[in-house]
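See below for the structure under consideration.
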Amino acid sequence: YIRVYVQGGGCKGLIFSLDITEQPDVDDIVFESNGVKFVVDAHSNEMLGETIIDYQSSLSESGFKFINDSKRSCGCGKSFAI
């Protein structure tokens, strides 16, 4: 599973993070997209809101990208505030 969570950091105070986990916790929300299984805790799920997690691959950069409509995000798009 890929664990999606929100933690403190970045220039606006919060950042999206990813990690690998063998087994979801009892209270985790589990969902699947394109054959990939994700887990998220309830608190992080609230902060994710309508965030889209997209995988992008190009010559200059590859990886997951978090696309959210937060009006309080930083210039680089890596952190946000609520």
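Identifiers in the structure tokens: chain A, B, ... in order shown; residue index from 1 per chain; ligand index from 1 in order shown.
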
Excluding A:Arg3 and its own-chain neighbours fewer than 2 positions away, which residues fall within 7 Å of it when counting only C-alpha atoms? Please give them as a list in words.
Tyr1, Tyr5, Leu18, Asp19, Ile20, Thr21, Phe38, Val39 and Val40 of chain A

Would you list the contacts of A:Gly10 as a ChimeraX atom specification, taking every protein, DNA or RNA residue within 8 Å and counting only C-alpha atoms, but skipping same-chain residues closer than 3 positions in sequence?
/A:13-15,78-80

Check chain A with DSSP on the backbone and list each residue it calls helix (DSSP H, G or I), as a list in words.
Ala42, His43, Ser44, Asn45, Glu46, Met47 and Leu48 of chain A

Run DSSP on the backbone and grab whatever in stretch 2-39 of chain A lands in strand (DSSP E or B); send it over as number ranges by chain.
A: 2-9, 13-20, 29-33, 36-39

Interatomic distance between atom CA of A:Thr51 and atom CA of A:Asn68?
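Atom-to-atom, atom CA of A:Thr51 to atom CA of A:Asn68, that is 4.4 Å.
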